[in-house]
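Engineer: Structure incoming, see below.
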Amino acid sequence: MERFVHSFLNSKKPSCLFAFIFVLFPLFLSESIHFTNVTQKYNVEGASYFGGHGICWVDVNYDGRLDIYIKNHKYRGELYVENILYINYGDTFVDEGLSRGVADAYPFGTHGAVFADLDNDKDFDLFSTTTYGGISPAYNHIYENDGTGYFQDITENISPSQDRDTFSRGVAAADFDGDGDIDLYFTNPLSGIDPFNHQPSPPQKLKNFYINNGDLDLYESGGYFYQNDGQGNFSFVSINISALISSIATGDPRSSALGDFDSDGDLDIYITDRVKHNVLLRNDVDDSNWIQVEILSDQTGGAGGIGTKLCLYEAGHLGEPGFLKGFRELTGEYGYLAQDMPAAHFGVNHSLKYDLIIEFLNGEQRTLSSIAPGQKIQTAYILPPLDLSGERKLNKGLLYYEDVIQLKWNANSGNSDLIKYRIYKIEPWRKFIYIDEVTADVFIYNVRNTTQGLQYTVAVTAVNSQNIEGAPAFVTIE
């Protein structure tokens, strides 16, 4: 096994059943559990030659909808199989992996892949691995997201150089060395101590599970579901209740991950299959027994909040162990070749309210109180300014009249240690164009040289004394 830990920030820009140990964000179970197979409805069956190997849920283009990245493996003699990036358009998914630059097409397919904000620019980049099978090259790759869900291969910029064949399998993203940026780790099932020895040992055959409420329930590969009674005791939930027969009908399931692709508050399951079509199971629970938390930007200014810990308590009992209702840590990958959506999901009682402690990697904490269930909370290490608005004005103070857009906003009381605000113009494909910055006691700004009849989108961010930039607030002016 090879350990690969790389601090990416400084290099920015210049058959047996395989199983999976897999922590599912809790799903608060109402009186019934039911999933519906909606694979064909949403056009997400995978490749015609099958070969489904791994899956990541992630919003690559920042439109608020979860997309699906499928890692494919050679099957039926097919080599150089392309990976799939299903973009979520609400009523269907479309494969845009090739046009967006992440099809990969390794000779023997992709194994590990993880999406993380490696360069702290508030979008999700991709690190992917492959396994050598007698054909070169079999190199690992890093792809940088341009902010719109299109990727550029920047592998040549990283160290150590990724120019030798590897047997890489799983990969994880986390701050291993505690320096505030995201490092990478991948495994190599090798027989010798040379990490590039081309004589791999036989892969171990392991029993693996997908693990799934204010407590954690268990979903086992092959479609069996076990409910936690809150004390760590599990009881079997029959197939007739869970409606997971579609999962049991899989041929050689390789990985599975959870994501709320339809934004209804419950957790859906996508399963990759090496010898049959992949499966998307939509969760049909319809209640408000849930709270989701998304970290828009963390202590580095990056998206996703990997390494952030969240503790949910019954309201009025913050920090009291007896009232802890859930603990989550946002991590880069789960189990065998899978990545859940980058958000924390808590199963709760809809009739109660809750307090939440969010602890970032640098130890700083944010507290939210009296949270009502049935909502998705978006928060950040540095919060966006409030009430951002824009209005067209005619500047008559010059020798000529000038069209301007007057921006106004309010300070966010959840922030401290701010020194300034930055103003950006947002061009197509979510490209941030720097305009100007003002001190933290200024809450109005005129964007000059605008044109009547053109639509403008503007963003304002808060910046602290360590020059960490927070999540943006946006406004569109017609």
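The way I read the labels, and the way they are meant: chains A, B, ... in the order of the structure tokens, residue 1 as the first residue of every chain, and ligand 1 as the first ligand shown, with later ones counted on from there.
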At a cut-off of 7 Å, using only C-alpha atoms, what residues contact Asn289 in chain A? Leave out same-chain residues fewer than 3 positions from it and give the result as a ChimeraX atom specification.
Structural biologist: /A:28,347-350,373-374
Engineer: Please identify every residue of range 247-286 of chain A that has at least one atom no farther than 10 Å from an atom of range 326-345 of chain A, counting only C-alpha atoms, and for each give the shortest atom pair and the distance in Å to one decimal, arranged by chain then increasing number, as JSON lines.
Structural biologist:
{"residue": "A:Arg254", "atom": "CA", "partner": "A:Tyr336", "partner_atom": "CA", "distance": 7.6}
{"residue": "A:Ser255", "atom": "CA", "partner": "A:Ala338", "partner_atom": "CA", "distance": 5.9}
{"residue": "A:Ser256", "atom": "CA", "partner": "A:Ala338", "partner_atom": "CA", "distance": 6.0}
{"residue": "A:Ala257", "atom": "CA", "partner": "A:Asp340", "partner_atom": "CA", "distance": 5.0}
{"residue": "A:Leu258", "atom": "CA", "partner": "A:Asp340", "partner_atom": "CA", "distance": 4.9}
{"residue": "A:Gly259", "atom": "CA", "partner": "A:Met341", "partner_atom": "CA", "distance": 5.0}
{"residue": "A:Asp260", "atom": "CA", "partner": "A:Met341", "partner_atom": "CA", "distance": 7.6}
{"residue": "A:Phe261", "atom": "CA", "partner": "A:Met341", "partner_atom": "CA", "distance": 9.0}
{"residue": "A:Gly265", "atom": "CA", "partner": "A:His345", "partner_atom": "CA", "distance": 8.6}
{"residue": "A:Asp266", "atom": "CA", "partner": "A:His345", "partner_atom": "CA", "distance": 8.5}
{"residue": "A:Leu267", "atom": "CA", "partner": "A:His345", "partner_atom": "CA", "distance": 8.3}
{"residue": "A:Ile269", "atom": "CA", "partner": "A:Asp340", "partner_atom": "CA", "distance": 9.4}
{"residue": "A:Tyr270", "atom": "CA", "partner": "A:Asp340", "partner_atom": "CA", "distance": 9.7}
{"residue": "A:Ile271", "atom": "CA", "partner": "A:Ala338", "partner_atom": "CA", "distance": 9.5}
{"residue": "A:Thr272", "atom": "CA", "partner": "A:Ala338", "partner_atom": "CA", "distance": 9.6}
Engineer: Can those selected residues be exported to a file as a tab-separated table (two decimals), in the first residue's frame so that it contains C-alpha atoms?
Structural biologist:
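File selection.tsv, as written:
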chain	number	residue	atom	x	y	z
A	254	ARG	CA	-19.50	-2.49	-6.62
A	255	SER	CA	-20.35	0.67	-4.69
A	256	SER	CA	-23.21	2.81	-3.53
A	257	ALA	CA	-23.63	6.35	-2.28
A	258	LEU	CA	-26.32	8.58	-0.83
A	259	GLY	CA	-27.54	11.90	-2.17
A	260	ASP	CA	-30.76	13.90	-2.14
A	261	PHE	CA	-30.93	14.32	-5.92
A	265	GLY	CA	-35.00	16.08	2.25
A	266	ASP	CA	-34.57	12.30	2.23
A	267	LEU	CA	-31.59	10.24	1.07
A	269	ILE	CA	-29.30	5.63	-3.24
A	270	TYR	CA	-27.28	5.11	-6.44
A	271	ILE	CA	-25.66	1.69	-6.97
A	272	THR	CA	-23.04	0.83	-9.60
Engineer: Env of Tyr80 in chain A: 6 Å cut, atoms = only C-alpha atoms, seq-sep filter 3 positions within chain, self excluded. Answer as a PDB file with N, CA and C atoms, in the first residue's frame.
Structural biologist:
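Written out: part10.pdb:
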ATOM      1  N   ALA A 105     -11.165   7.480 -19.260  1.00  0.00           N
ATOM      2  CA  ALA A 105     -10.913   6.396 -20.219  1.00  0.00           C
ATOM      3  C   ALA A 105      -9.535   5.767 -20.021  1.00  0.00           C
ATOM      4  N   TYR A 106      -9.219   5.361 -18.785  1.00  0.00           N
ATOM      5  CA  TYR A 106      -8.018   4.582 -18.520  1.00  0.00           C
ATOM      6  C   TYR A 106      -8.146   3.208 -19.191  1.00  0.00           C
ATOM      7  N   PRO A 107      -7.033   2.535 -19.508  1.00  0.00           N
ATOM      8  CA  PRO A 107      -7.132   1.217 -20.135  1.00  0.00           C
ATOM      9  C   PRO A 107      -7.992   0.239 -19.343  1.00  0.00           C
TER      10      PRO A 107
END
Engineer: Could you pull out the residues in range 241-471 of chain A that DSSP calls strand (DSSP E or B) from the backbone, as a ChimeraX atom specification?
Structural biologist: /A:253-259,268-273,279-283,290-297,309-314,324-329,334,338-339,344-347,354-359,365-371,375-380,386-395,402-410,418-427,431-439,444-447,456-464,469
Engineer: Restricting it to C-alpha atoms, dump the selection as a short mmCIF file (atom, residue, chain, number, x, y, z; two decimals), in the first residue's frame.
Structural biologist:
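Full text of result-v3.cif as output:
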data_model
loop_
_atom_site.label_atom_id
_atom_site.label_comp_id
_atom_site.auth_asym_id
_atom_site.auth_seq_id
_atom_site.Cartn_x
_atom_site.Cartn_y
_atom_site.Cartn_z
CA PRO A 253 -22.73 -4.39 -7.22
CA ARG A 254 -19.50 -2.49 -6.62
CA SER A 255 -20.35 0.67 -4.69
CA SER A 256 -23.21 2.81 -3.53
CA ALA A 257 -23.63 6.35 -2.28
CA LEU A 258 -26.32 8.58 -0.83
CA GLY A 259 -27.54 11.90 -2.17
CA ASP A 268 -31.68 8.44 -2.27
CA ILE A 269 -29.30 5.63 -3.24
CA TYR A 270 -27.28 5.11 -6.44
CA ILE A 271 -25.66 1.69 -6.97
CA THR A 272 -23.04 0.83 -9.60
CA ASP A 273 -23.03 -2.67 -11.09
CA VAL A 279 -29.60 1.50 -10.25
CA LEU A 280 -31.03 4.73 -8.85
CA LEU A 281 -33.39 4.22 -5.91
CA ARG A 282 -35.55 7.21 -5.00
CA ASN A 283 -36.51 7.41 -1.33
CA TRP A 290 -34.76 15.71 8.81
CA ILE A 291 -32.20 18.52 8.87
CA GLN A 292 -29.51 18.95 6.24
CA VAL A 293 -26.43 21.16 6.69
CA GLU A 294 -24.17 22.32 3.85
CA ILE A 295 -20.88 24.16 4.41
CA LEU A 296 -20.60 26.78 1.64
CA SER A 297 -17.02 27.71 2.56
CA LYS A 309 -17.58 18.21 12.66
CA LEU A 310 -21.24 18.81 13.49
CA CYS A 311 -23.03 18.00 16.78
CA LEU A 312 -26.83 18.26 16.93
CA TYR A 313 -28.54 18.68 20.32
CA GLU A 314 -32.12 19.03 21.49
CA LEU A 324 -26.88 14.74 21.74
CA LYS A 325 -29.04 13.68 18.79
CA GLY A 326 -26.41 13.23 16.13
CA PHE A 327 -22.73 13.64 15.28
CA ARG A 328 -21.38 13.94 11.75
CA GLU A 329 -18.01 14.62 10.17
CA TYR A 334 -16.93 6.60 1.99
CA ALA A 338 -18.07 5.89 -3.16
CA GLN A 339 -18.72 9.48 -2.13
CA ALA A 344 -24.60 16.40 6.67
CA HIS A 345 -28.01 14.76 7.00
CA PHE A 346 -29.66 14.27 10.40
CA GLY A 347 -32.79 12.26 11.12
CA TYR A 354 -32.54 21.62 17.75
CA ASP A 355 -29.24 23.43 18.42
CA LEU A 356 -26.15 22.77 16.33
CA ILE A 357 -22.41 23.18 16.96
CA ILE A 358 -20.24 23.34 13.84
CA GLU A 359 -16.51 22.92 14.47
CA GLN A 365 -16.93 26.97 16.15
CA ARG A 366 -20.25 28.31 14.91
CA THR A 367 -23.50 27.74 16.83
CA LEU A 368 -27.01 27.69 15.39
CA SER A 369 -30.03 27.66 17.74
CA SER A 370 -33.69 26.60 17.61
CA ILE A 371 -33.50 24.90 14.23
CA GLN A 375 -34.99 22.42 6.08
CA LYS A 376 -31.58 22.60 4.47
CA ILE A 377 -29.22 25.00 6.23
CA GLN A 378 -26.38 26.62 4.31
CA THR A 379 -23.66 28.12 6.46
CA ALA A 380 -20.00 29.09 6.25
CA LEU A 386 -27.12 40.11 4.22
CA ASP A 387 -29.83 41.78 2.11
CA LEU A 388 -27.66 42.43 -0.93
CA SER A 389 -29.61 44.52 -3.45
CA GLY A 390 -28.83 46.36 -6.66
CA GLU A 391 -30.56 49.33 -8.26
CA ARG A 392 -29.83 51.22 -11.45
CA LYS A 393 -28.98 54.89 -10.95
CA LEU A 394 -28.03 57.81 -13.15
CA ASN A 395 -24.93 59.56 -11.91
CA GLU A 402 -23.29 57.85 -16.29
CA ASP A 403 -25.33 54.70 -15.75
CA VAL A 404 -24.32 52.96 -12.51
CA ILE A 405 -25.62 50.10 -10.39
CA GLN A 406 -25.84 50.97 -6.73
CA LEU A 407 -25.23 47.99 -4.44
CA LYS A 408 -26.36 47.95 -0.83
CA TRP A 409 -25.96 45.28 1.83
CA ASN A 410 -25.96 44.76 5.59
CA LEU A 418 -13.79 41.47 9.13
CA ILE A 419 -11.59 44.04 7.41
CA LYS A 420 -13.24 44.48 4.01
CA TYR A 421 -15.77 43.43 1.39
CA ARG A 422 -14.89 42.42 -2.17
CA ILE A 423 -17.12 43.14 -5.15
CA TYR A 424 -17.20 40.94 -8.24
CA LYS A 425 -18.97 40.94 -11.57
CA ILE A 426 -20.17 37.47 -12.49
CA GLU A 427 -19.72 36.63 -16.14
CA LYS A 431 -16.62 33.45 -13.75
CA PHE A 432 -15.75 35.92 -10.98
CA ILE A 433 -14.30 39.22 -12.29
CA TYR A 434 -12.82 41.37 -9.53
CA ILE A 435 -14.15 44.95 -9.48
CA ASP A 436 -13.10 46.55 -6.22
CA GLU A 437 -13.10 46.28 -2.43
CA VAL A 438 -14.26 48.51 0.41
CA THR A 439 -13.56 48.59 4.13
CA ILE A 444 -22.80 50.74 -0.36
CA TYR A 445 -20.94 50.69 -3.66
CA ASN A 446 -21.58 52.05 -7.17
CA VAL A 447 -20.64 49.78 -10.06
CA TYR A 456 -25.72 42.11 -14.57
CA THR A 457 -24.99 39.62 -11.81
CA VAL A 458 -22.81 40.88 -8.96
CA ALA A 459 -21.33 39.13 -5.91
CA VAL A 460 -20.10 40.56 -2.61
CA THR A 461 -17.90 38.60 -0.18
CA ALA A 462 -16.62 39.35 3.31
CA VAL A 463 -12.88 39.06 4.08
CA ASN A 464 -11.29 38.74 7.53
CA GLU A 469 -12.75 35.15 1.92
#
Engineer: Excluding Gln152 in chain A and any residue of its chain fewer than 4 positions from it, enumerate the residues within 8 Å of it, using only C-alpha atoms, and give them as a short mmCIF file (atom, residue, chain, number, x, y, z; two decimals) with N, CA, C and O atoms, in the first residue's frame.
Structural biologist:
data_model
loop_
_atom_site.label_atom_id
_atom_site.label_comp_id
_atom_site.auth_asym_id
_atom_site.auth_seq_id
_atom_site.Cartn_x
_atom_site.Cartn_y
_atom_site.Cartn_z
N GLY A 101 -14.57 17.19 -19.56
CA GLY A 101 -13.16 16.90 -19.33
C GLY A 101 -12.84 15.86 -18.30
O GLY A 101 -11.68 15.77 -17.87
N TYR A 143 -7.94 16.94 -11.71
CA TYR A 143 -8.66 17.83 -12.61
C TYR A 143 -9.16 19.04 -11.83
O TYR A 143 -9.80 18.89 -10.79
N GLU A 144 -8.90 20.22 -12.36
CA GLU A 144 -9.32 21.45 -11.70
C GLU A 144 -10.63 21.95 -12.29
O GLU A 144 -10.77 22.07 -13.52
N ASN A 145 -11.59 22.22 -11.42
CA ASN A 145 -12.90 22.75 -11.81
C ASN A 145 -12.77 24.25 -12.06
O ASN A 145 -12.22 24.98 -11.24
N ASP A 146 -13.29 24.72 -13.20
CA ASP A 146 -13.20 26.15 -13.50
C ASP A 146 -14.31 26.97 -12.85
O ASP A 146 -14.42 28.17 -13.07
#
Engineer: Determine, counting only C-alpha atoms, which protein, DNA and RNA residues have an atom within 8 Å of an atom of range 85-100 of chain A; residues of the same chain fewer than 2 positions away are not included. Present the result as a ChimeraX atom specification.
Structural biologist: /A:41-44,65-70,82-83,102-103,149-151,261-262
Engineer: Find the residues around Thr110 in chain A up to 12 Å (only C-alpha atoms counted), leave out those fewer than 3 positions away in its own chain, and share them as a ChimeraX atom specification.
Structural biologist: /A:51-55,69-74,79-84,102-107,113-114,127-133,138-141,166-171,337
Engineer: In Å, how far is it from CA of Gly147 in chain A to CA of Gly453 in chain A?
Structural biologist: 26.5 Å
Engineer: Set the distance at 7 Å and use only C-alpha atoms: which residues neighbour Lys276 in chain A once local chain neighbours fewer than 3 positions away are removed? I'd like the list as a VMD selection string.
Structural biologist: chain A and resid 50 250 to 251 273
Engineer: Selected residues, N, CA and C atoms, written as a PDB file, in the first residue's frame, please.
Structural biologist:
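This is the output file again_36.pdb:
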ATOM      1  N   PHE A  50     -21.973  -2.005 -19.549  1.00  0.00           N
ATOM      2  CA  PHE A  50     -21.928  -2.138 -18.098  1.00  0.00           C
ATOM      3  C   PHE A  50     -20.568  -1.684 -17.559  1.00  0.00           C
ATOM      4  N   THR A 250     -29.417  -6.785  -8.409  1.00  0.00           N
ATOM      5  CA  THR A 250     -28.174  -6.419  -9.067  1.00  0.00           C
ATOM      6  C   THR A 250     -27.310  -7.654  -9.290  1.00  0.00           C
ATOM      7  N   GLY A 251     -26.373  -7.544 -10.252  1.00  0.00           N
ATOM      8  CA  GLY A 251     -25.542  -8.693 -10.577  1.00  0.00           C
ATOM      9  C   GLY A 251     -24.235  -8.720  -9.821  1.00  0.00           C
ATOM     10  N   ASP A 273     -23.027  -1.217 -10.868  1.00  0.00           N
ATOM     11  CA  ASP A 273     -23.027  -2.665 -11.086  1.00  0.00           C
ATOM     12  C   ASP A 273     -22.087  -2.994 -12.236  1.00  0.00           C
TER      13      ASP A 273
END
